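Listing of model_14.pdb; format and content: PDB, C-alpha atoms, pLDDT in the B column.
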```pdb
ATOM      1  CA  MET A 142       0.000   0.000   0.000  1.00 90.00           C
ATOM      2  CA  GLY A 143       3.023   2.291  -0.216  1.00 94.00           C
ATOM      3  CA  THR A 144       3.216   2.934   3.533  1.00 95.00           C
ATOM      4  CA  VAL A 145       6.431   1.111   4.390  1.00 96.00           C
ATOM      5  CA  ASP A 146       8.223   4.302   5.440  1.00 97.00           C
ATOM      6  CA  ARG A 147       5.322   5.344   7.691  1.00 95.00           C
ATOM      7  CA  ALA A 148       5.149   1.877   9.209  1.00 96.00           C
ATOM      8  CA  ASP A 149       8.890   1.787   9.868  1.00 97.00           C
ATOM      9  CA  ARG A 150       8.691   5.214  11.499  1.00 96.00           C
ATOM     10  CA  PHE A 151       5.782   4.094  13.685  1.00 96.00           C
ATOM     11  CA  TYR A 152       7.667   1.018  14.899  1.00 96.00           C
ATOM     12  CA  ARG A 153      10.772   3.093  15.515  1.00 96.00           C
ATOM     13  CA  ASP A 154       9.032   5.940  17.356  1.00 96.00           C
ATOM     14  CA  GLN A 155       5.970   4.395  19.033  1.00 96.00           C
ATOM     15  CA  VAL A 156       6.329   0.643  19.620  1.00 97.00           C
ATOM     16  CA  LEU A 157       7.995  -0.254  22.929  1.00 97.00           C
ATOM     17  CA  ASP A 158       8.905  -3.656  24.345  1.00 97.00           C
ATOM     18  CA  HIS A 159       7.712  -2.579  27.790  1.00 97.00           C
ATOM     19  CA  LEU A 160       5.185  -0.341  29.526  1.00 98.00           C
ATOM     20  CA  ASN A 161       6.555   3.110  30.248  1.00 97.00           C
ATOM     21  CA  ALA A 162       5.414   5.194  33.224  1.00 97.00           C
ATOM     22  CA  ARG A 163       2.514   6.850  31.388  1.00 97.00           C
ATOM     23  CA  MET A 164       1.298   3.509  30.050  1.00 97.00           C
ATOM     24  CA  CYS A 165       1.399   1.992  33.544  1.00 97.00           C
ATOM     25  CA  GLU A 166      -0.682   4.859  34.924  1.00 97.00           C
ATOM     26  CA  PHE A 167      -3.140   4.538  32.028  1.00 97.00           C
ATOM     27  CA  VAL A 168      -3.615   0.776  32.518  1.00 98.00           C
ATOM     28  CA  GLY A 169      -4.051   1.203  36.268  1.00 96.00           C
ATOM     29  CA  ARG A 170      -7.248   3.245  35.940  1.00 95.00           C
ATOM     30  CA  GLN A 171      -8.985   1.377  33.099  1.00 96.00           C
ATOM     31  CA  GLU A 172     -12.309  -0.380  33.649  1.00 94.00           C
ATOM     32  CA  MET A 173     -12.391  -2.467  30.479  1.00 96.00           C
ATOM     33  CA  PHE A 174     -10.354  -3.948  27.669  1.00 98.00           C
ATOM     34  CA  PHE A 175     -10.755  -6.067  24.547  1.00 98.00           C
ATOM     35  CA  LEU A 176      -8.897  -9.371  24.365  1.00 98.00           C
ATOM     36  CA  ALA A 177      -7.759 -11.296  21.273  1.00 98.00           C
ATOM     37  CA  THR A 178      -6.549 -14.907  21.378  1.00 98.00           C
ATOM     38  CA  ALA A 179      -6.120 -17.761  18.921  1.00 98.00           C
ATOM     39  CA  ASP A 180      -5.802 -21.517  19.230  1.00 97.00           C
ATOM     40  CA  ARG A 181      -2.898 -23.565  17.906  1.00 97.00           C
ATOM     41  CA  HIS A 182      -4.415 -23.575  14.413  1.00 97.00           C
ATOM     42  CA  GLY A 183      -4.760 -19.785  14.332  1.00 96.00           C
ATOM     43  CA  GLU A 184      -8.549 -19.748  14.748  1.00 97.00           C
ATOM     44  CA  CYS A 185      -9.244 -16.429  16.481  1.00 97.00           C
ATOM     45  CA  ASP A 186     -11.531 -15.209  19.219  1.00 97.00           C
ATOM     46  CA  SER A 187     -12.106 -11.699  20.527  1.00 97.00           C
ATOM     47  CA  THR A 188     -13.867 -10.838  23.752  1.00 97.00           C
ATOM     48  CA  PHE A 189     -14.436  -8.159  26.358  1.00 96.00           C
ATOM     49  CA  ARG A 190     -13.250  -7.885  29.949  1.00 95.00           C
ATOM     50  CA  ALA A 191     -14.375  -5.355  32.568  1.00 93.00           C
ATOM     51  CA  GLY A 192     -13.953  -4.649  36.250  1.00 92.00           C
ATOM     52  CA  PRO A 193     -13.464  -1.842  38.743  1.00 91.00           C
ATOM     53  CA  PRO A 194     -10.650   0.650  38.071  1.00 92.00           C
ATOM     54  CA  GLY A 195      -7.371  -1.098  38.712  1.00 90.00           C
ATOM     55  CA  PHE A 196      -8.676  -4.616  38.022  1.00 94.00           C
ATOM     56  CA  VAL A 197      -5.730  -4.926  35.626  1.00 97.00           C
ATOM     57  CA  ARG A 198      -2.589  -4.717  37.737  1.00 97.00           C
ATOM     58  CA  VAL A 199       0.830  -3.725  36.394  1.00 97.00           C
ATOM     59  CA  LEU A 200       3.446  -5.705  38.314  1.00 97.00           C
ATOM     60  CA  ASP A 201       6.415  -4.160  36.534  1.00 97.00           C
ATOM     61  CA  GLU A 202       7.230  -2.597  33.183  1.00 97.00           C
ATOM     62  CA  ARG A 203       7.151  -5.972  31.428  1.00 98.00           C
ATOM     63  CA  THR A 204       4.379  -7.762  33.323  1.00 98.00           C
ATOM     64  CA  LEU A 205       0.681  -7.171  33.903  1.00 97.00           C
ATOM     65  CA  VAL A 206      -2.027  -9.416  35.310  1.00 98.00           C
ATOM     66  CA  TYR A 207      -5.794  -9.485  35.025  1.00 97.00           C
ATOM     67  CA  PRO A 208      -8.416 -11.603  36.819  1.00 96.00           C
ATOM     68  CA  GLU A 209     -10.710 -14.167  35.261  1.00 94.00           C
ATOM     69  CA  TYR A 210     -14.128 -13.870  36.861  1.00 91.00           C
ATOM     70  CA  ARG A 211     -16.999 -16.325  36.777  1.00 85.00           C
ATOM     71  CA  GLY A 212     -18.198 -16.613  33.184  1.00 81.00           C
ATOM     72  CA  ASN A 213     -20.339 -18.672  30.828  1.00 82.00           C
ATOM     73  CA  GLY A 214     -18.297 -21.864  31.177  1.00 84.00           C
ATOM     74  CA  VAL A 215     -17.090 -21.849  27.557  1.00 90.00           C
ATOM     75  CA  MET A 216     -13.606 -20.635  28.537  1.00 92.00           C
ATOM     76  CA  ALA A 217     -12.760 -19.718  24.940  1.00 95.00           C
ATOM     77  CA  SER A 218      -9.917 -17.387  25.900  1.00 97.00           C
ATOM     78  CA  LEU A 219      -8.390 -19.706  28.504  1.00 96.00           C
ATOM     79  CA  GLY A 220      -8.702 -22.621  26.101  1.00 96.00           C
ATOM     80  CA  ASN A 221      -6.874 -20.691  23.411  1.00 97.00           C
ATOM     81  CA  ILE A 222      -4.169 -19.570  25.840  1.00 97.00           C
ATOM     82  CA  SER A 223      -3.627 -23.207  26.856  1.00 96.00           C
ATOM     83  CA  GLU A 224      -2.747 -23.978  23.216  1.00 97.00           C
ATOM     84  CA  ASN A 225      -1.222 -20.680  22.096  1.00 98.00           C
ATOM     85  CA  PRO A 226       0.151 -18.240  24.678  1.00 98.00           C
ATOM     86  CA  GLN A 227       0.205 -15.244  22.316  1.00 98.00           C
ATOM     87  CA  LEU A 228      -2.494 -12.662  22.976  1.00 98.00           C
ATOM     88  CA  GLY A 229      -3.391  -9.069  22.190  1.00 98.00           C
ATOM     89  CA  ILE A 230      -5.057  -6.571  24.533  1.00 98.00           C
ATOM     90  CA  LEU A 231      -6.629  -3.277  23.516  1.00 98.00           C
ATOM     91  CA  PHE A 232      -7.438  -0.732  26.219  1.00 98.00           C
ATOM     92  CA  VAL A 233      -9.672   2.132  25.075  1.00 97.00           C
ATOM     93  CA  ASP A 234     -10.432   5.131  27.263  1.00 96.00           C
ATOM     94  CA  PHE A 235     -13.744   6.410  25.908  1.00 96.00           C
ATOM     95  CA  LEU A 236     -14.441   8.665  28.877  1.00 94.00           C
ATOM     96  CA  ARG A 237     -11.470  10.901  29.630  1.00 93.00           C
ATOM     97  CA  ASP A 238      -8.417  10.727  27.386  1.00 93.00           C
ATOM     98  CA  ARG A 239     -10.149   9.233  24.311  1.00 94.00           C
ATOM     99  CA  ILE A 240      -7.068   7.231  23.426  1.00 96.00           C
ATOM    100  CA  GLY A 241      -6.137   3.560  23.180  1.00 97.00           C
ATOM    101  CA  LEU A 242      -3.226   1.339  24.152  1.00 98.00           C
ATOM    102  CA  HIS A 243      -2.267  -1.940  22.514  1.00 98.00           C
ATOM    103  CA  VAL A 244      -0.432  -4.513  24.615  1.00 98.00           C
ATOM    104  CA  ASN A 245       0.757  -7.722  22.964  1.00 98.00           C
ATOM    105  CA  GLY A 246       2.533 -10.532  24.744  1.00 98.00           C
ATOM    106  CA  ARG A 247       2.719 -14.084  26.027  1.00 98.00           C
ATOM    107  CA  ALA A 248       0.355 -15.288  28.737  1.00 98.00           C
ATOM    108  CA  TRP A 249      -0.016 -18.036  31.302  1.00 97.00           C
ATOM    109  CA  VAL A 250      -2.588 -18.840  33.988  1.00 97.00           C
ATOM    110  CA  VAL A 251      -2.134 -18.817  37.782  1.00 97.00           C
ATOM    111  CA  PRO A 252      -4.750 -19.849  40.392  1.00 95.00           C
ATOM    112  CA  ASP A 253      -5.963 -17.050  42.650  1.00 95.00           C
ATOM    113  CA  GLU A 254      -4.472 -18.472  45.840  1.00 95.00           C
ATOM    114  CA  GLU A 255      -1.039 -18.879  44.237  1.00 96.00           C
ATOM    115  CA  MET A 256      -1.129 -15.331  42.887  1.00 96.00           C
ATOM    116  CA  ARG A 257      -1.973 -13.930  46.317  1.00 95.00           C
ATOM    117  CA  VAL A 258       0.955 -15.748  47.888  1.00 96.00           C
ATOM    118  CA  ARG A 259       3.243 -14.042  45.398  1.00 95.00           C
ATOM    119  CA  HIS A 260       1.430 -10.683  45.546  1.00 95.00           C
ATOM    120  CA  PRO A 261      -0.421 -10.347  48.880  1.00 94.00           C
ATOM    121  CA  ASP A 262      -1.341  -6.718  48.139  1.00 92.00           C
ATOM    122  CA  LEU A 263      -3.853  -7.725  45.463  1.00 91.00           C
ATOM    123  CA  PRO A 264      -7.307  -6.466  46.503  1.00 84.00           C
ATOM    124  CA  VAL A 265     -10.159  -8.866  47.282  1.00 86.00           C
ATOM    125  CA  ASP A 266     -13.271  -7.603  45.549  1.00 85.00           C
ATOM    126  CA  PRO A 267     -16.363  -7.971  47.798  1.00 82.00           C
ATOM    127  CA  VAL A 268     -18.833  -7.999  44.895  1.00 84.00           C
ATOM    128  CA  PRO A 269     -20.322 -11.501  44.275  1.00 80.00           C
ATOM    129  CA  GLY A 270     -19.377 -12.755  40.828  1.00 80.00           C
ATOM    130  CA  ARG A 271     -16.464 -10.321  40.613  1.00 86.00           C
ATOM    131  CA  ARG A 272     -13.992 -12.291  42.659  1.00 88.00           C
ATOM    132  CA  ALA A 273     -10.954 -13.558  40.800  1.00 92.00           C
ATOM    133  CA  GLN A 274     -10.923 -17.308  40.201  1.00 91.00           C
ATOM    134  CA  LEU A 275      -7.752 -17.277  38.131  1.00 95.00           C
ATOM    135  CA  TRP A 276      -5.231 -14.672  37.043  1.00 97.00           C
ATOM    136  CA  VAL A 277      -3.752 -14.339  33.579  1.00 98.00           C
ATOM    137  CA  VAL A 278      -0.158 -13.155  33.665  1.00 98.00           C
ATOM    138  CA  VAL A 279       0.993 -11.315  30.535  1.00 98.00           C
ATOM    139  CA  GLU A 280       4.646 -10.903  29.606  1.00 98.00           C
ATOM    140  CA  VAL A 281       4.667  -7.710  27.529  1.00 98.00           C
ATOM    141  CA  THR A 282       6.425  -7.890  24.161  1.00 98.00           C
ATOM    142  CA  GLU A 283       4.863  -4.843  22.456  1.00 98.00           C
ATOM    143  CA  ALA A 284       3.069  -1.726  23.724  1.00 98.00           C
ATOM    144  CA  TYR A 285       1.909   1.105  21.487  1.00 98.00           C
ATOM    145  CA  ILE A 286      -0.718   3.776  21.045  1.00 97.00           C
ATOM    146  CA  HIS A 287      -4.099   3.454  19.332  1.00 96.00           C
ATOM    147  CA  CYS A 288      -4.809   6.926  18.020  1.00 93.00           C
ATOM    148  CA  ALA A 289      -7.853   8.979  18.987  1.00 91.00           C
ATOM    149  CA  LYS A 290      -8.997   9.638  15.431  1.00 90.00           C
ATOM    150  CA  HIS A 291     -12.075   7.366  15.444  1.00 91.00           C
ATOM    151  CA  ILE A 292     -12.649   6.817  19.176  1.00 95.00           C
ATOM    152  CA  PRO A 293     -16.013   8.271  20.281  1.00 94.00           C
ATOM    153  CA  HIS A 294     -16.280  10.330  23.436  1.00 93.00           C
ATOM    154  CA  LEU A 295     -18.695   8.604  25.824  1.00 93.00           C
ATOM    155  CA  GLN A 296     -20.128   9.610  29.183  1.00 92.00           C
ATOM    156  CA  LYS A 297     -21.334   7.494  32.088  1.00 88.00           C
ATOM    157  CA  VAL A 298     -24.997   7.794  32.930  1.00 84.00           C
ATOM    158  CA  PRO A 299     -26.307   7.788  36.525  1.00 80.00           C
ATOM    159  CA  ARG A 300     -26.784   4.326  37.963  1.00 70.00           C
ATOM    160  CA  GLN A 301     -30.558   4.662  38.257  1.00 65.00           C
ATOM    161  CA  GLU A 302     -30.797   5.381  34.531  1.00 62.00           C
ATOM    162  CA  ARG A 303     -28.622   2.609  33.179  1.00 59.00           C
ATOM    163  CA  GLY A 304     -30.351  -0.403  34.720  1.00 61.00           C
ATOM    164  CA  GLU A 305     -27.712  -2.250  36.713  1.00 65.00           C
ATOM    165  CA  ARG A 306     -26.937  -5.837  35.711  1.00 66.00           C
ATOM    166  CA  ALA A 307     -25.670  -7.722  38.743  1.00 72.00           C
ATOM    167  CA  TRP A 308     -22.203  -9.234  38.478  1.00 73.00           C
ATOM    168  CA  GLY A 309     -22.303 -13.026  38.497  1.00 71.00           C
ATOM    169  CA  THR A 310     -26.018 -13.312  37.785  1.00 74.00           C
ATOM    170  CA  ASP A 311     -27.318 -16.531  36.221  1.00 73.00           C
ATOM    171  CA  ASP A 312     -30.643 -14.940  35.276  1.00 76.00           C
ATOM    172  CA  VAL A 313     -30.873 -15.489  31.521  1.00 77.00           C
ATOM    173  CA  LYS A 314     -32.956 -12.394  30.890  1.00 78.00           C
ATOM    174  CA  ARG A 315     -30.656 -10.142  32.915  1.00 76.00           C
ATOM    175  CA  LYS A 316     -27.700 -11.440  30.918  1.00 76.00           C
ATOM    176  CA  GLY A 317     -29.383 -10.611  27.620  1.00 79.00           C
ATOM    177  CA  GLY A 318     -31.465 -13.689  26.944  1.00 78.00           C
ATOM    178  CA  ASP A 319     -31.642 -14.798  23.324  1.00 80.00           C
ATOM    179  CA  PHE A 320     -31.038 -11.242  22.081  1.00 82.00           C
ATOM    180  CA  PHE A 321     -29.818 -12.318  18.629  1.00 84.00           C
ATOM    181  CA  GLY A 322     -32.284 -15.182  18.222  1.00 83.00           C
ATOM    182  CA  ALA A 323     -29.601 -17.865  18.005  1.00 85.00           C
ATOM    183  CA  ALA A 324     -31.405 -20.264  20.332  1.00 81.00           C
ATOM    184  CA  ALA A 325     -34.588 -19.911  18.303  1.00 80.00           C
ATOM    185  CA  GLU A 326     -32.712 -20.829  15.142  1.00 84.00           C
ATOM    186  CA  ALA A 327     -30.996 -23.779  16.820  1.00 80.00           C
ATOM    187  CA  ALA A 328     -34.243 -25.742  16.828  1.00 74.00           C
ATOM    188  CA  ASP A 329     -34.296 -25.610  13.025  1.00 73.00           C
ATOM    189  CA  ARG A 330     -30.751 -26.730  12.331  1.00 73.00           C
ATOM    190  CA  ALA A 331     -28.194 -29.298  13.374  1.00 63.00           C
ATOM    191  CA  PRO A 332     -26.362 -28.453  16.609  1.00 60.00           C
ATOM    192  CA  TYR A 333     -23.239 -26.373  16.123  1.00 59.00           C
ATOM    193  CA  ARG A 334     -20.040 -28.174  16.986  1.00 62.00           C
ATOM    194  CA  ARG A 335     -16.602 -26.691  17.299  1.00 62.00           C
ATOM    195  CA  ARG A 336     -14.421 -28.031  14.509  1.00 60.00           C
ATOM    196  CA  GLU A 337     -12.608 -31.185  15.535  1.00 62.00           C
ATOM    197  CA  THR A 338      -8.819 -31.067  15.718  1.00 57.00           C
ATOM    198  CA  PRO A 339      -7.524 -33.139  12.779  1.00 58.00           C
ATOM    199  CA  ALA A 340      -5.533 -36.200  13.784  1.00 56.00           C
ATOM    200  CA  PRO A 341      -1.850 -36.011  12.829  1.00 53.00           C
ATOM    201  CA  PRO A 342      -0.627 -38.371  10.057  1.00 52.00           C
ATOM    202  CA  GLN A 343       0.636 -41.717  11.321  1.00 54.00           C
ATOM    203  CA  GLY A 344       3.648 -43.777  10.342  1.00 50.00           C
ATOM    204  CA  PRO A 345       7.386 -43.202  10.164  1.00 50.00           C
ATOM    205  CA  ALA A 346       7.148 -41.186   6.960  1.00 47.00           C
ATOM    206  CA  ALA A 347       4.549 -38.767   8.318  1.00 45.00           C
ATOM    207  CA  PRO A 348       5.677 -35.123   8.054  1.00 47.00           C
ATOM    208  CA  GLU A 349       6.130 -33.128  11.237  1.00 47.00           C
ATOM    209  CA  PRO A 350       3.004 -31.016  11.916  1.00 49.00           C
ATOM    210  CA  ALA A 351       3.443 -27.344  11.059  1.00 46.00           C
ATOM    211  CA  HIS A 352       2.169 -26.361  14.507  1.00 47.00           C
ATOM    212  CA  THR A 353       4.757 -28.373  16.466  1.00 45.00           C
ATOM    213  CA  ARG A 354       5.522 -26.411  19.590  1.00 45.00           C
ATOM    214  CA  SER A 355       8.900 -25.470  20.912  1.00 52.00           C
ATOM    215  CA  ALA A 356      10.034 -26.895  24.262  1.00 57.00           C
ATOM    216  CA  GLN A 357       9.001 -23.624  25.893  1.00 56.00           C
ATOM    217  CA  SER A 358       5.467 -23.818  24.459  1.00 56.00           C
ATOM    218  CA  SER A 359       5.151 -27.460  25.569  1.00 62.00           C
ATOM    219  CA  SER A 360       6.187 -26.451  29.050  1.00 66.00           C
ATOM    220  CA  PHE A 361       3.542 -23.725  29.007  1.00 63.00           C
ATOM    221  CA  GLN A 362       0.831 -26.187  27.962  1.00 66.00           C
ATOM    222  CA  GLU A 363       1.778 -28.601  30.735  1.00 73.00           C
ATOM    223  CA  GLU A 364       1.519 -25.778  33.283  1.00 71.00           C
ATOM    224  CA  ALA A 365      -1.855 -24.661  31.876  1.00 68.00           C
ATOM    225  CA  GLU A 366      -3.188 -28.222  32.027  1.00 72.00           C
ATOM    226  CA  ARG A 367      -1.936 -28.538  35.622  1.00 76.00           C
ATOM    227  CA  VAL A 368      -3.788 -25.380  36.630  1.00 74.00           C
ATOM    228  CA  LEU A 369      -7.032 -26.408  34.921  1.00 70.00           C
ATOM    229  CA  ALA A 370      -6.854 -29.895  36.476  1.00 73.00           C
ATOM    230  CA  LEU A 371      -6.395 -28.308  39.902  1.00 73.00           C
ATOM    231  CA  VAL A 372      -9.417 -26.089  39.289  1.00 63.00           C
ATOM    232  CA  GLN A 373     -11.616 -29.024  38.241  1.00 64.00           C
ATOM    233  CA  GLN A 374     -10.546 -31.067  41.273  1.00 68.00           C
ATOM    234  CA  ARG A 375     -11.342 -28.188  43.613  1.00 61.00           C
ATOM    235  CA  ALA A 376     -14.767 -27.682  42.014  1.00 54.00           C
ATOM    236  CA  SER A 377     -15.737 -31.379  42.297  1.00 59.00           C
ATOM    237  CA  SER A 378     -14.849 -31.515  46.004  1.00 57.00           C
ATOM    238  CA  GLY A 379     -17.006 -28.527  47.000  1.00 48.00           C
ATOM    239  CA  SER A 380     -19.638 -28.629  49.706  1.00 44.00           C
ATOM    240  CA  GLY A 381     -22.463 -27.576  47.410  1.00 42.00           C
ATOM    241  CA  GLU A 382     -22.400 -23.981  48.588  1.00 42.00           C
ATOM    242  CA  PHE A 383     -21.815 -21.569  45.731  1.00 34.00           C
ATOM    243  CA  ARG A 384     -18.262 -20.279  45.988  1.00 37.00           C
ATOM    244  CA  GLY A 385     -17.721 -18.999  42.476  1.00 33.00           C
ATOM    245  CA  TRP A 386     -17.049 -20.457  39.097  1.00 28.00           C
ATOM    246  CA  PHE A 387     -14.283 -22.853  40.151  1.00 27.00           C
ATOM    247  CA  GLY A 388     -15.390 -23.528  43.715  1.00 27.00           C
TER     248      GLY A 388
END
```
If you convert what's in this file into structure tokens, what do you get?
Amino acid sequence: MGTVDRADRFYRDQVLDHLNARMCEFVGRQEMFFLATADRHGECDSTFRAGPPGFVRVLDERTLVYPEYRGNGVMASLGNISENPQLGILFVDFLRDRIGLHVNGRAWVVPDEEMRVRHPDLPVDPVPGRRAQLWVVVEVTEAYIHCAKHIPHLQKVPRQERGERAWGTDDVKRKGGDFFGAAAEAADRAPYRRRETPAPPQGPAAPEPAHTRSAQSSSFQEEAERVLALVQQRASSGSGEFRGWFG
């Protein structure tokens, strides 16, 4: 597209391999971000995360963490991270600065109790449904601006006007119900199934799969599987009292 010089200048002038002081301050007061992940085949997923200001914690200039709250049980992002640790985060401040920040990096998952041993100053949120079950640790590899050109300026409305939706609710209507009519269509078609992972070729002459992981990636997957197994074990041994998504 004839923009190589502009792109090179942007990488040279704007793309950092760490969070500088202004970026750290910016992240520390955000209440939302958009998250992009992909599985080992490159199939992508994008989603939204939100919490009180400071729910994303900067540990140092190359590390940030964010909590995973109780969700819909699909665990699309965590599933992708277990296969492919690369992720992209986009923070957008619609309210004050009207600017965005991209953070790209490698991620891994840590149970809440382990994270609090390492970082005892992490706050415990009293709101039901907004208590961290897991933490995603992100090793920052790129951080750069998203310009204000097309970011709208939004304003918060008073609580009584916006119709609060309780954190952690299981009420289908309060969560949006069948807003897009997908459930209604499901009765008229075959059930959707996530595409099966193709089996690798067998035999001594079979070529090495293109997605073969490095030793570091294999180590990451083993750690992710350990964490998820621990979570499932804890959930199955619960007393029956609701204690959050993972018990």
- Note on the structure: Taken to one decimal, the CA of Arg163 in chain A-CA of Val250 in chain A distance is 26.3 Å
- Would you list the contacts of Glu254 in chain A as a ChimeraX atom specification, taking every protein, DNA or RNA residue within 10 Å and counting only C-alpha atoms, but skipping same-chain residues closer than 3 positions in sequence? /A:251,257-261,273-276
- Message: For a quick check of understanding, using all atoms listed in the file, which of A:Glu363, A:Glu283, A:Asp234, A:Asp262 has the smallest distance to Met173 in chain A?
- Response: A:Asp234
- Write out as a PyMOL selection string which residues come within 10 Å of range 207-222 of chain A when counting all atoms listed in the file, dropping same-chain ones fewer than 2 positions away. chain A and resi 176-188+190-192+195-199+205+224-228+247-253+269-279+308-311+361-362+365-366+369+385-387
- Just how far from CA of Arg239 in chain A is CA of Pro293 in chain A, in Å to one decimal?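 Atom-to-atom, CA of Pro293 in chain A and CA of Arg239 in chain A are spaced 7.2 Å apart.
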- Task: Rounded to one decimal place, report the CA of Phe235 in chain A-CA of Gln155 in chain A distance in Å.
- Result: 21.0 Å
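For the file at hand, the PyMOL selection byres ((chain A and resi 286) around 10) resolves to A:Phe151, A:Gln155, A:Val156, A:Leu157, A:Met164, A:Leu231, A:Phe232, A:Val233, A:Ile240, A:Gly241, A:Leu242, A:His243, A:Val244, A:Ala284, A:Tyr285, A:His287, A:Cys288, A:Ala289.
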With C-alpha atoms kept, could you save the residues just selected as a short mmCIF file (atom, residue, chain, number, x, y, z; two decimals), in the coordinates of the input?
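And here's part_1.cif as it stands now:
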```
data_model
loop_
_atom_site.label_atom_id
_atom_site.label_comp_id
_atom_site.auth_asym_id
_atom_site.auth_seq_id
_atom_site.Cartn_x
_atom_site.Cartn_y
_atom_site.Cartn_z
CA PHE A 151 5.78 4.09 13.68
CA GLN A 155 5.97 4.39 19.03
CA VAL A 156 6.33 0.64 19.62
CA LEU A 157 8.00 -0.25 22.93
CA MET A 164 1.30 3.51 30.05
CA LEU A 231 -6.63 -3.28 23.52
CA PHE A 232 -7.44 -0.73 26.22
CA VAL A 233 -9.67 2.13 25.08
CA ILE A 240 -7.07 7.23 23.43
CA GLY A 241 -6.14 3.56 23.18
CA LEU A 242 -3.23 1.34 24.15
CA HIS A 243 -2.27 -1.94 22.51
CA VAL A 244 -0.43 -4.51 24.62
CA ALA A 284 3.07 -1.73 23.72
CA TYR A 285 1.91 1.10 21.49
CA HIS A 287 -4.10 3.45 19.33
CA CYS A 288 -4.81 6.93 18.02
CA ALA A 289 -7.85 8.98 18.99
#
```
